[in-house]
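S.K.: One file is attached below, final_10.txt, containing compact mmCIF, C-alpha atoms.
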# COMPACT_ATOMS: atom_id res chain seq x y z
CA MET N 231 6.92 -6.20 37.05
CA PHE N 232 4.50 -4.96 34.37
CA SER N 233 1.42 -5.49 36.58
CA PHE N 234 3.20 -3.80 39.49
CA LEU N 235 3.89 -0.69 37.38
CA GLN N 236 0.30 -0.70 36.17
CA GLU N 237 -0.95 -0.65 39.77
CA LEU N 238 1.63 1.98 40.70
CA VAL N 239 0.97 4.55 37.98
CA GLY N 240 -2.34 3.48 36.45
CA GLY N 241 -3.38 1.13 33.64
CA ASP N 242 -2.63 3.64 30.90
CA TRP N 243 0.96 4.23 32.08
CA LEU N 244 2.55 3.14 28.81
CA GLU N 245 0.38 5.48 26.75
CA ARG N 246 1.25 8.40 29.04
CA LEU N 247 4.93 7.49 28.91
CA PHE N 248 4.95 7.73 25.11
CA VAL N 249 3.12 11.07 25.22
CA TYR N 250 5.65 12.33 27.79
CA LEU N 251 8.58 11.30 25.61
CA GLU N 252 7.02 12.73 22.45
CA GLU N 253 6.40 16.10 24.10
CA ARG N 254 10.10 16.25 24.96
CA GLY N 255 11.26 15.41 21.47
CA VAL N 256 12.35 11.85 22.30
CA LYS N 257 11.31 9.79 19.27
CA VAL N 258 11.79 6.22 18.17
CA LYS N 259 13.12 5.79 14.66
CA TYR N 260 10.27 3.63 13.32
CA SER N 261 6.54 3.66 14.02
CA ILE N 262 4.84 0.54 12.68
CA ILE N 263 1.08 1.10 12.66
CA LEU N 264 -1.16 -1.96 12.52
CA PRO N 265 -4.90 -1.21 12.16
CA SER N 266 -6.94 -4.32 12.95
CA TYR N 267 -10.53 -5.48 12.72
CA ASN N 268 -11.63 -9.11 13.10
CA GLY N 269 -8.29 -10.41 11.88
CA GLY N 270 -7.48 -12.64 14.83
CA GLU N 271 -6.47 -15.62 12.72
CA TYR N 272 -3.83 -13.55 10.87
CA LEU N 273 -2.70 -11.08 13.53
CA LYS N 274 -0.26 -13.35 15.36
CA SER N 275 1.82 -13.96 12.23
CA CYS N 276 1.97 -10.24 11.50
CA VAL N 277 2.97 -9.23 15.03
CA SER N 278 5.51 -12.06 15.33
CA SER N 279 7.21 -10.94 12.12
CA ILE N 280 7.94 -7.61 13.83
CA ILE N 281 8.72 -8.34 17.48
CA SER N 282 10.86 -11.40 16.70
CA GLN N 283 13.53 -9.25 15.03
CA ASP N 284 16.69 -8.22 16.85
CA TYR N 285 16.12 -4.46 16.84
CA GLU N 286 15.06 -2.01 19.54
CA ASN N 287 14.42 1.48 18.17
CA TYR N 288 10.78 1.10 17.10
CA GLU N 289 7.21 1.12 18.37
CA LEU N 290 4.38 -1.12 17.20
CA ILE N 291 0.98 0.57 17.45
CA ILE N 292 -1.93 -1.86 17.16
CA SER N 293 -5.23 -0.03 16.77
CA ASP N 294 -8.20 -2.36 17.09
CA ASP N 295 -11.44 -1.07 15.57
CA HIS N 296 -13.79 -2.92 17.97
CA SER N 297 -13.15 -6.49 16.81
CA VAL N 298 -15.60 -9.20 17.89
CA ASP N 299 -13.42 -12.23 17.11
CA SER N 300 -10.29 -13.64 18.76
CA THR N 301 -8.37 -10.38 18.20
CA VAL N 302 -9.06 -9.01 21.69
CA SER N 303 -7.95 -12.16 23.51
CA TYR N 304 -4.75 -12.30 21.45
CA LEU N 305 -3.95 -8.65 22.14
CA GLN N 306 -4.22 -9.34 25.87
CA THR N 307 -1.43 -11.92 25.57
CA ILE N 308 1.01 -9.36 24.11
CA SER N 309 -0.03 -6.28 26.09
CA SER N 310 3.01 -6.53 28.39
CA ASN N 311 5.49 -6.12 25.52
CA SER N 312 7.18 -2.75 25.99
CA LYS N 313 7.41 -2.19 22.22
CA ILE N 314 3.66 -2.53 21.68
CA ARG N 315 0.96 0.10 22.21
CA ILE N 316 -2.61 -1.18 21.96
CA ILE N 317 -5.25 1.49 21.30
CA SER N 318 -8.86 1.59 20.13
CA PRO N 319 -11.06 4.42 18.78
CA SER N 320 -14.23 5.33 20.66
CA GLU N 321 -16.45 4.18 17.77
CA ARG N 322 -16.25 2.12 14.58
CA LEU N 323 -14.55 3.99 11.74
CA SER N 324 -14.13 3.55 8.01
CA MET N 325 -10.76 2.15 6.99
CA ALA N 326 -9.20 5.48 5.98
CA GLU N 327 -10.58 7.24 9.08
CA HIS N 328 -9.20 4.47 11.27
CA TRP N 329 -5.79 4.87 9.63
CA GLU N 330 -5.87 8.63 10.28
CA TRP N 331 -6.77 8.10 13.93
CA ALA N 332 -4.09 5.44 14.46
CA LEU N 333 -1.48 7.59 12.69
CA SER N 334 -2.11 10.43 15.14
CA HIS N 335 -0.65 8.26 17.93
CA ALA N 336 2.66 7.55 16.18
CA ALA N 337 5.87 9.14 17.44
CA GLY N 338 8.47 7.72 15.05
CA GLU N 339 10.76 9.47 12.59
CA TRP N 340 9.87 7.00 9.81
CA LEU N 341 6.39 5.50 9.60
CA ILE N 342 4.77 2.51 7.94
CA PHE N 343 1.30 0.94 7.96
CA VAL N 344 1.06 -2.85 8.04
CA GLY N 345 -2.17 -4.76 7.43
CA GLN N 346 -3.30 -7.51 9.79
CA ASP N 347 -2.80 -10.16 7.11
CA ASP N 348 0.59 -8.74 6.06
CA ALA N 349 4.03 -9.30 7.59
CA LEU N 350 7.46 -7.70 7.59
CA GLN N 351 10.42 -9.48 6.05
CA PRO N 352 12.84 -11.03 8.58
CA TYR N 353 15.54 -8.56 7.53
CA PHE N 354 13.21 -5.52 7.58
CA PHE N 355 15.08 -3.40 10.12
CA SER N 356 18.57 -4.03 8.72
CA LEU N 357 17.38 -3.11 5.21
CA ALA N 358 15.33 -0.15 6.49
CA GLU N 359 18.37 1.23 8.33
CA ASN N 360 20.37 1.14 5.11
CA LEU N 361 17.60 2.77 3.07
CA THR N 362 16.56 5.47 5.56
CA ASN N 363 20.15 6.55 6.20
CA PHE N 364 20.77 6.93 2.47
CA ALA N 365 17.42 8.71 1.95
CA SER N 366 18.17 11.17 4.75
CA ASP N 367 21.58 11.94 3.24
CA GLN N 368 19.90 12.64 -0.11
CA GLY N 369 17.00 14.66 1.32
CA ILE N 370 14.46 12.03 0.22
CA ARG N 371 11.37 11.55 2.41
CA SER N 372 9.64 8.55 0.82
CA ILE N 373 10.91 5.02 0.28
CA MET N 374 9.31 2.03 -1.37
CA SER N 375 10.37 -1.50 -2.21
CA GLU N 376 9.54 -4.37 -4.50
CA ARG N 377 6.38 -6.19 -3.41
CA ALA N 378 6.44 -9.78 -2.16
CA TYR N 379 3.08 -11.54 -1.87
CA PHE N 380 1.59 -14.02 0.58
CA PHE N 381 -1.85 -15.42 -0.24
CA TRP N 382 -3.66 -16.96 2.71
CA ASP N 383 -5.74 -20.09 2.35
CA GLY N 384 -9.09 -19.17 0.83
CA CYS N 385 -7.66 -16.78 -1.78
CA GLN N 386 -7.49 -19.46 -4.46
CA VAL N 387 -10.78 -18.26 -5.98
CA ILE N 388 -9.01 -15.07 -7.14
CA TYR N 389 -5.29 -15.85 -7.16
CA GLY N 390 -5.17 -19.55 -7.98
CA ASP N 391 -2.85 -22.04 -6.32
CA VAL N 392 0.04 -19.68 -5.57
CA SER N 393 0.63 -18.88 -1.88
CA VAL N 394 4.07 -17.21 -2.01
CA SER N 395 5.57 -14.98 -4.70
CA TYR N 396 8.92 -13.33 -3.95
CA ILE N 397 11.39 -11.63 -6.31
CA ALA N 398 14.39 -9.59 -5.19
CA SER N 399 17.47 -7.99 -6.67
CA PRO N 400 20.22 -6.31 -4.58
CA LYS N 401 19.87 -2.80 -6.00
CA VAL N 402 18.22 0.53 -5.28
CA ARG N 403 17.25 3.42 -7.55
CA VAL N 404 16.18 7.02 -7.10
CA LEU N 405 13.09 7.51 -9.27
CA ASN N 406 11.34 10.62 -10.56
CA SER N 407 7.92 11.02 -8.93
CA ALA N 408 6.30 12.88 -11.85
CA LEU N 409 7.38 10.26 -14.40
CA GLU N 410 6.28 7.32 -12.25
CA SER N 411 2.95 9.04 -11.51
CA ALA N 412 2.36 9.51 -15.24
CA LYS N 413 3.00 5.79 -15.78
CA ALA N 414 0.43 4.94 -13.10
CA LEU N 415 -2.17 7.30 -14.59
CA LEU N 416 -1.70 5.88 -18.08
CA GLY N 417 -1.88 2.28 -16.86
CA VAL N 418 1.73 1.44 -17.72
CA VAL N 419 2.25 0.40 -14.08
CA ASP N 420 -0.08 0.09 -11.08
CA TYR N 421 0.00 2.81 -8.45
CA PHE N 422 1.28 0.03 -6.18
CA GLU N 423 4.63 0.84 -7.81
CA LEU N 424 4.57 4.20 -6.01
CA PRO N 425 5.34 4.90 -2.33
CA GLN N 426 2.20 4.23 -0.24
CA MET N 427 3.51 3.97 3.33
CA TYR N 428 1.94 0.52 3.39
CA THR N 429 3.90 -2.70 4.15
CA THR N 430 6.53 -1.99 1.49
CA SER N 431 6.89 1.79 1.92
CA LEU N 432 8.24 4.17 4.55
CA PHE N 433 7.39 7.88 4.87
CA HIS N 434 9.38 10.41 6.87
CA ARG N 435 7.38 12.26 9.50
CA ASP N 436 8.18 15.64 7.88
CA LEU N 437 6.39 14.55 4.69
CA LEU N 438 3.21 13.75 6.61
CA GLU N 439 3.41 16.96 8.63
CA GLU N 440 3.68 18.98 5.42
CA ALA N 441 0.62 17.20 4.01
CA LYS N 442 -1.33 17.95 7.20
CA LYS N 443 -0.42 21.65 7.07
CA LYS N 444 -1.75 21.92 3.53
CA GLN N 445 -4.88 19.82 4.17
CA ASN N 446 -6.45 21.34 7.28
CA GLY N 447 -4.60 19.12 9.73
CA LYS N 448 -5.45 15.82 8.03
CA VAL N 449 -3.31 13.34 6.11
CA PHE N 450 -6.15 11.45 4.43
CA SER N 451 -8.62 13.24 2.18
CA CYS N 452 -10.15 10.43 0.09
CA HIS N 453 -10.56 6.70 -0.51
CA PRO N 454 -8.84 4.33 -1.14
CA GLN N 455 -6.20 5.19 1.39
CA ASP N 456 -3.25 3.56 -0.42
CA ALA N 457 -3.93 5.64 -3.56
CA ASN N 458 -4.31 8.69 -1.32
CA LEU N 459 -0.87 8.09 0.22
CA ALA N 460 0.70 7.54 -3.21
CA ALA N 461 -0.77 10.86 -4.37
CA ILE N 462 0.64 12.62 -1.30
CA ALA N 463 4.14 11.21 -1.79
CA CYS N 464 4.33 12.00 -5.49
CA SER N 465 2.81 15.47 -5.06
CA LEU N 466 5.20 16.62 -2.34
CA GLU N 467 8.36 14.71 -3.21
CA PRO N 468 10.13 15.15 -6.59
CA ARG N 469 12.04 11.89 -6.04
CA PHE N 470 11.65 8.66 -4.10
CA LEU N 471 13.92 5.76 -3.28
CA LYS N 472 13.08 2.25 -4.48
CA SER N 473 14.64 -0.94 -3.12
CA TYR N 474 14.37 -4.02 -5.29
CA ILE N 475 14.54 -6.16 -2.16
CA PRO N 476 11.06 -6.32 -0.55
CA LEU N 477 10.55 -4.79 2.88
CA GLY N 478 7.43 -6.80 3.66
CA TRP N 479 4.90 -9.43 2.69
CA VAL N 480 1.77 -7.96 1.08
CA GLY N 481 -0.87 -10.34 2.37
CA SER N 482 -4.24 -11.21 0.87
CA SER N 483 -6.84 -13.04 2.92
CA PRO N 484 -10.48 -14.00 2.29
CA LYS N 485 -11.60 -11.17 4.61
CA SER N 486 -9.39 -8.41 3.23
CA ALA N 487 -10.68 -5.28 1.51
CA GLY N 488 -8.24 -5.90 -1.32
CA MET N 489 -9.79 -9.30 -1.94
CA ALA N 490 -13.24 -7.72 -2.11
CA VAL N 491 -12.15 -5.03 -4.57
CA ALA N 492 -10.35 -7.62 -6.74
CA ALA N 493 -13.52 -9.72 -7.05
CA THR N 494 -15.12 -8.15 -10.12
CA ASP N 495 -16.22 -11.42 -11.79
CA ASP N 496 -19.69 -12.50 -10.61
CA THR N 497 -19.21 -15.99 -12.10
CA LEU N 498 -16.36 -16.91 -9.74
CA GLU N 499 -16.79 -19.68 -7.20
CA GLY N 500 -17.71 -18.05 -3.90
CA ALA N 501 -18.71 -14.84 -5.69
CA SER N 502 -21.69 -14.27 -3.37
CA VAL N 503 -19.46 -14.16 -0.27
CA LEU N 504 -17.00 -11.84 -2.01
CA LYS N 505 -19.84 -9.62 -3.21
CA GLU N 506 -21.16 -9.33 0.35
CA LEU N 507 -17.68 -8.34 1.54
CA LYS N 508 -17.39 -5.80 -1.27
CA VAL N 509 -20.82 -4.28 -0.57
CA ASP N 510 -19.94 -3.92 3.13
CA TYR N 511 -16.65 -2.22 2.23
CA GLU N 512 -18.34 0.19 -0.20
CA GLU N 513 -21.11 1.01 2.30
CA LYS N 514 -18.49 2.04 4.85
CA ILE N 515 -16.93 4.31 2.25
CA LYS N 516 -20.30 5.95 1.50
CA LYS N 517 -20.88 6.61 5.21
CA SER N 518 -17.36 7.90 5.69
CA LYS N 519 -16.59 11.59 6.15
CA LEU N 520 -13.87 11.25 3.51
CA ARG N 521 -14.68 11.83 -0.14
CA TYR N 522 -14.59 9.66 -3.20
CA ASN N 523 -14.80 12.19 -6.02
CA SER N 524 -18.01 11.91 -8.04
CA ARG N 525 -16.06 12.55 -11.26
CA ALA N 526 -14.51 9.11 -10.75
CA GLY N 527 -17.92 7.41 -10.77
CA ASP N 528 -18.75 4.42 -8.59
CA PHE N 529 -16.03 3.10 -6.29
CA GLY N 530 -17.09 -0.39 -7.37
CA LEU N 531 -15.52 0.16 -10.80
CA SER N 532 -12.28 -1.12 -9.21
CA ASP N 533 -9.96 0.57 -11.70
CA LEU N 534 -6.49 1.43 -10.39
CA PRO N 535 -5.72 4.39 -12.73
CA ILE N 536 -9.08 5.96 -11.82
CA TYR N 537 -8.44 5.44 -8.10
CA PHE N 538 -5.09 7.19 -8.44
CA TRP N 539 -6.48 9.97 -10.67
CA GLN N 540 -9.25 10.85 -8.23
CA ALA N 541 -6.74 10.75 -5.35
CA LEU N 542 -4.66 13.32 -7.23
CA ILE N 543 -7.76 15.48 -7.74
CA GLU N 544 -8.56 15.29 -4.03
CA THR N 545 -5.00 16.29 -3.05
CA SER N 546 -4.85 19.34 -5.33
CA SER N 547 -3.73 21.61 -2.47
CA LEU N 548 -0.39 19.75 -2.43
CA ARG N 549 0.58 20.67 -6.00
CA SER N 550 1.16 23.72 -8.18
CA GLN N 551 -1.77 25.26 -10.01
CA TRP N 552 -0.50 24.45 -13.50
CA ILE N 553 -0.20 20.70 -12.74
CA ASN N 554 -3.78 20.71 -11.46
CA LYS N 555 -4.88 22.46 -14.66
CA VAL N 556 -3.23 19.69 -16.71
CA LEU N 557 -4.98 16.96 -14.69
CA ASN N 558 -8.33 18.69 -15.20
CA SER N 559 -7.79 19.63 -18.85
CA ARG N 560 -9.83 18.30 -21.76
CA VAL N 561 -6.73 17.04 -23.59
CA PHE N 562 -5.58 15.00 -20.60
CA GLY N 563 -9.11 13.67 -20.13
CA MET N 564 -9.27 12.48 -23.75
CA ILE N 565 -5.95 10.62 -23.45
CA PHE N 566 -6.72 9.22 -19.99
CA PHE N 567 -10.21 7.94 -20.79
CA SER N 568 -9.22 6.64 -24.23
CA LEU N 569 -6.64 4.39 -22.61
CA LEU N 570 -9.23 3.22 -20.10
CA LEU N 571 -11.65 2.39 -22.93
CA ILE N 572 -8.94 0.38 -24.69
CA ARG N 573 -8.36 -1.70 -21.56
CA THR N 574 -12.10 -2.43 -21.24
CA TRP N 575 -12.69 -3.12 -24.92
CA ARG N 576 -15.20 -5.99 -24.56
CA PRO N 577 -18.54 -4.69 -25.95
CA LYS N 578 -20.80 -6.06 -23.19
CA SER N 579 -18.41 -5.38 -20.34
CA LYS N 580 -20.15 -4.06 -17.21
CA LYS N 581 -17.02 -2.08 -16.48
CA LYS N 582 -17.20 -0.41 -19.89
CA LYS N 583 -20.76 0.76 -19.25
CA MET N 584 -19.73 2.25 -15.92
CA LEU N 585 -16.76 3.92 -17.58
CA ALA N 586 -19.00 5.48 -20.23
CA GLY N 587 -20.98 7.17 -17.44
CA ILE N 588 -17.78 8.59 -15.97
CA ILE N 589 -16.71 9.93 -19.37
CA TYR N 590 -20.03 11.75 -19.78
CA ALA N 591 -19.72 13.11 -16.22
CA ASN N 592 -16.37 14.65 -17.21
CA GLY N 593 -17.83 16.50 -20.19
CA LEU N 594 -16.66 14.06 -22.88
CA ASN N 595 -18.43 11.75 -25.33
CA PRO N 596 -17.24 8.11 -25.56
CA LYS N 597 -17.98 8.00 -29.31
CA ALA N 598 -15.93 11.14 -29.89
CA LEU N 599 -12.99 9.36 -28.25
CA ILE N 600 -12.88 6.58 -30.88
CA PRO N 601 -10.28 8.36 -33.12
CA VAL N 602 -8.17 9.07 -30.05
CA CYS N 603 -8.48 5.39 -29.03
CA ILE N 604 -7.18 4.30 -32.45
CA LEU N 605 -4.22 6.66 -32.16
CA MET N 606 -3.56 5.45 -28.61
CA VAL N 607 -3.57 1.80 -29.75
CA PHE N 608 -0.73 2.51 -32.18
CA LEU N 609 1.19 4.48 -29.55
CA VAL N 610 0.68 1.73 -26.97
CA LEU N 611 1.97 -0.91 -29.39
CA ILE N 612 5.05 1.21 -30.16
CA CYS N 613 5.68 1.80 -26.45
CA LYS N 614 5.24 -1.87 -25.63
CA GLY N 615 7.68 -2.78 -28.37
CA GLY N 616 10.20 -0.30 -27.02
CA PHE N 617 9.64 -1.53 -23.47
CA LEU N 618 10.20 -5.13 -24.59
CA VAL N 619 13.52 -4.16 -26.19
CA TYR N 620 14.46 -2.32 -23.00
CA ARG N 621 13.63 -5.36 -20.85
CA VAL N 622 15.68 -7.65 -23.08
CA PHE N 623 18.58 -5.19 -22.85
CA ARG N 624 18.29 -5.07 -19.04
CA LYS N 625 18.16 -8.85 -18.89
CA LEU N 626 21.31 -9.17 -20.99
CA CYS N 627 23.07 -6.61 -18.79
CA SER N 628 22.10 -8.51 -15.66
CA ILE N 629 23.52 -11.71 -17.16
CA LEU N 630 26.71 -10.08 -18.44
CA PHE N 631 27.43 -8.02 -15.32
CA GLY N 632 26.31 -10.57 -12.78
CA ARG N 633 23.23 -8.79 -11.42
CA LYS N 634 21.60 -11.31 -9.09
CA VAL N 635 17.87 -11.96 -9.08
CA VAL N 636 16.46 -14.10 -6.28
CA SER N 637 12.99 -15.60 -6.57
CA LEU N 638 10.73 -17.92 -4.62
CA ARG N 639 7.34 -19.28 -5.61
CA ILE N 640 5.36 -21.73 -3.50
CA ASN N 641 2.01 -23.29 -4.38
CA ARG N 642 -0.52 -24.06 -1.67
CA SER N 643 -1.18 -27.52 -3.10
CA GLU N 644 2.46 -28.37 -2.28
CA PHE N 645 2.46 -26.79 1.22
CA PRO N 646 -1.20 -26.52 2.35
CA ASP N 647 -0.45 -25.20 5.85
CA ILE N 648 2.23 -22.65 4.98
CA LEU N 649 2.28 -19.41 7.01
CA PRO N 650 4.17 -16.12 6.46
CA GLU N 651 6.78 -17.16 9.05
CA ASP N 652 7.48 -20.32 7.03
CA ALA N 653 7.90 -18.26 3.86
CA SER N 654 10.20 -15.85 5.73
CA LYS N 655 12.48 -18.70 6.82
CA LYS N 656 12.84 -19.83 3.22
CA VAL N 657 13.49 -16.26 2.07
CA SER N 658 16.16 -15.73 4.74
CA LYS N 659 18.18 -18.62 3.37
CA ILE N 660 18.19 -17.40 -0.22
CA ILE N 661 18.48 -13.62 0.29
CA SER N 662 21.01 -13.29 3.13
CA PRO N 663 24.11 -13.73 0.88
CA TYR N 664 22.95 -10.80 -1.27
CA LEU N 665 21.95 -8.26 1.39
CA ARG N 666 25.57 -7.20 1.87
CA TYR N 667 25.81 -6.34 -1.84
CA LEU N 668 23.04 -3.77 -1.57
CA ASN N 669 24.60 -0.63 -3.00
CA VAL N 670 23.11 2.70 -1.96
What would you get if you wrote out this structure as structure tokens?
M.R.:
Amino acid sequence: MFSFLQELVGGDWLERLFVYLEERGVKVKYSIILPSYNGGEYLKSCVSSIISQDYENYELIISDDHSVDSTVSYLQTISSNSKIRIISPSERLSMAEHWEWALSHAAGEWLIFVGQDDALQPYFFSLAENLTNFASDQGIRSIMSERAYFFWDGCQVIYGDVSVSYIASPKVRVLNSALESAKALLGVVDYFELPQMYTTSLFHRDLLEEAKKKQNGKVFSCHPQDANLAAIACSLEPRFLKSYIPLGWVGSSPKSAGMAVAATDDTLEGASVLKELKVDYEEKIKKSKLRYNSRAGDFGLSDLPIYFWQALIETSSLRSQWINKVLNSRVFGMIFFSLLLIRTWRPKSKKKKMLAGIIYANGLNPKALIPVCILMVFLVLICKGGFLVYRVFRKLCSILFGRKVVSLRINRSEFPDILPEDASKKVSKIISPYLRYLNV
């Protein structure tokens, strides 16, 4: 039937059908965007985690950036699936540019990027329905969830023996974007704890359209793209919804950009291969039309607060003038860089030398920050003490009031051939009794 329709209306009939429907305001609820490049060995698990679910109102857009491995042959086997749109840019793009291009083809009300080595949880659509309906009622346009991790074989050099790490609790919270952004800037949490529209986050289309209007028709303005998306969400949305049940599996594979950025230790086994991957990734960023702000130094510093800070600088058109003045002020710079110096305290640290150059580039002197560093150490210790008391209190409350926490950890030495679909089966058994208790 599929081949008959292709002959009848042309090989690009499905693409034209979606354009036709979009022009007439007929939208699917979810657009799942899967950018791919030479990820053939992981792609099947990712796609299967989506199309195997009993849900209809979505589209899966797979954008292949000119792969030269088994990706193309695999995509041919799934091209007849009516839920899947397979597209490819006219030339090789940097990661963020590829994401922008793929995003322009999405028609859904709620959108999410999924990496080729990631996967969605087996209950993704049922949980997403609950969360998006509540968010819409509350006027919230960004949603995130707890992160569950799957480490593919070959990641042991960075992440050790663990292959699966999953923690869930049947609760949701509405969080303040400004407060959570401040935590990410000060290193209290990673910016991964903010909405990023990536595997564990959903953005409403209106949020992206607003960002495009204020940024000359583009969503992405800088690298890395996940920090860029977090900056967009927290700049335009005063609140976001967080589910403590994960929406997806955040995958790490030996070929992933995340693996390359994480490899900062040159003494690691396999460091030469990781370094080559990292150099290739950074070269693509340098050739990209998107910026990485020079005030943030070299991208190779691999510091999450700096990535998020420079993403905020590059998305200044999305925020009020006084907030931008705070982010660019000398006082904020002294606090921000003092905390970074504390975290890289080792005297001969390569990272510390790079950071010193960034501090000078921002009109500050590292030596002049020493008194501020001392003050920050005391404040950090006080805050950590208070946070510890808070965590103990939360733990006691969860015990007393029956708050359930579900966890799963699997080591690769125990299950050498485990795949995301195997992990999902195990998760389904332990989480299904608690999904109905999700209170939003």
S.K.: Report, in Å to a single decimal, how far apart CA of Lys472 in chain N and CA of Val404 in chain N are.
M.R.: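 Computing it gives 6.3 Å between the two atoms.
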S.K.: Check the smallest atom-to-atom distance from each of N:Trp479, N:Phe364, N:Phe645, N:Phe470 to Gln346 in chain N using all atoms listed in the file, then report the winner.
M.R.: N:Trp479
S.K.: Here is a test: counting all atoms listed in the file, which residue of N:Ile314, N:Ala586, N:Ala349, N:Val402 is nearest to Asp652 in chain N?
M.R.: N:Ala349
S.K.: Report, in Å with one decimal, the straight-line distance from CA of Leu361 in chain N to CA of Glu439 in chain N.
M.R.: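 Separation between CA of Leu361 in chain N and CA of Glu439 in chain N: 20.8 Å.
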S.K.: Restricting the calculation to all atoms listed in the file, which member of N:Tyr285, N:Tyr267, N:Tyr537, N:Phe380 is positioned closest to Phe354 in chain N?
M.R.: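 Smallest distance to Phe354 in chain N is found for N:Tyr285.
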S.K.: Quick one: of N:Val394, N:Leu466, N:Met374, N:Ile291, who's nearest to Thr545 in chain N, counting all atoms listed in the file?
M.R.: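 Looking only at the distances to Thr545 in chain N, the closest residue turns out to be N:Leu466.
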S.K.: For the atom pair CA of Asn287 in chain N and CA of Glu339 in chain N, what is the interatomic distance in Å to one decimal place?
M.R.: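 CA of Glu339 in chain N lies 10.4 Å from CA of Asn287 in chain N.
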S.K.: Determine, counting all atoms listed in the file, which protein, DNA and RNA residues have an atom within 8 Å of an atom of Pro646 in chain N; residues of the same chain fewer than 3 positions away are not included. Present the result as a PyMOL selection string.
M.R.: chain N and resi 383+642-643
S.K.: Find the spatial neighbours of Glu376 in chain N, counting all atoms listed in the file, within a cut-off of 6 Å - ignore same-chain residues fewer than 3 positions away - and output them as an MDAnalysis selection string.
M.R.: chainID N and resid 474:476
S.K.: Please determine, counting all atoms listed in the file, which residue among N:Ile263, N:Ile660, N:Val619, N:Val392 has the shortest atom-to-atom distance to Lys313 in chain N.
M.R.: N:Ile263
S.K.: Point out the residue among N:Lys519, N:Lys580, N:Arg549, N:Lys401 with the least atom-to-atom distance to Tyr664 in chain N, counting only C-alpha atoms.
M.R.: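 Closest to Tyr664 in chain N, using only C-alpha atoms: N:Lys401.
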S.K.: If we count all atoms listed in the file, what is near Ser282 in chain N at a cut-off of 12 Å, once residues fewer than 2 positions away on the same chain are taken out, given as a list of chain:residue names?
M.R.: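 The contact residues come out as N:Lys274, N:Ser275, N:Cys276, N:Val277, N:Ser278, N:Ser279, N:Ile280, N:Asp284, N:Tyr285, N:Glu286, N:Asn311, N:Lys313, N:Ala349, N:Leu350, N:Gln351, N:Pro352, N:Tyr353, N:Phe354, N:Phe355, N:Glu651, N:Ser654.
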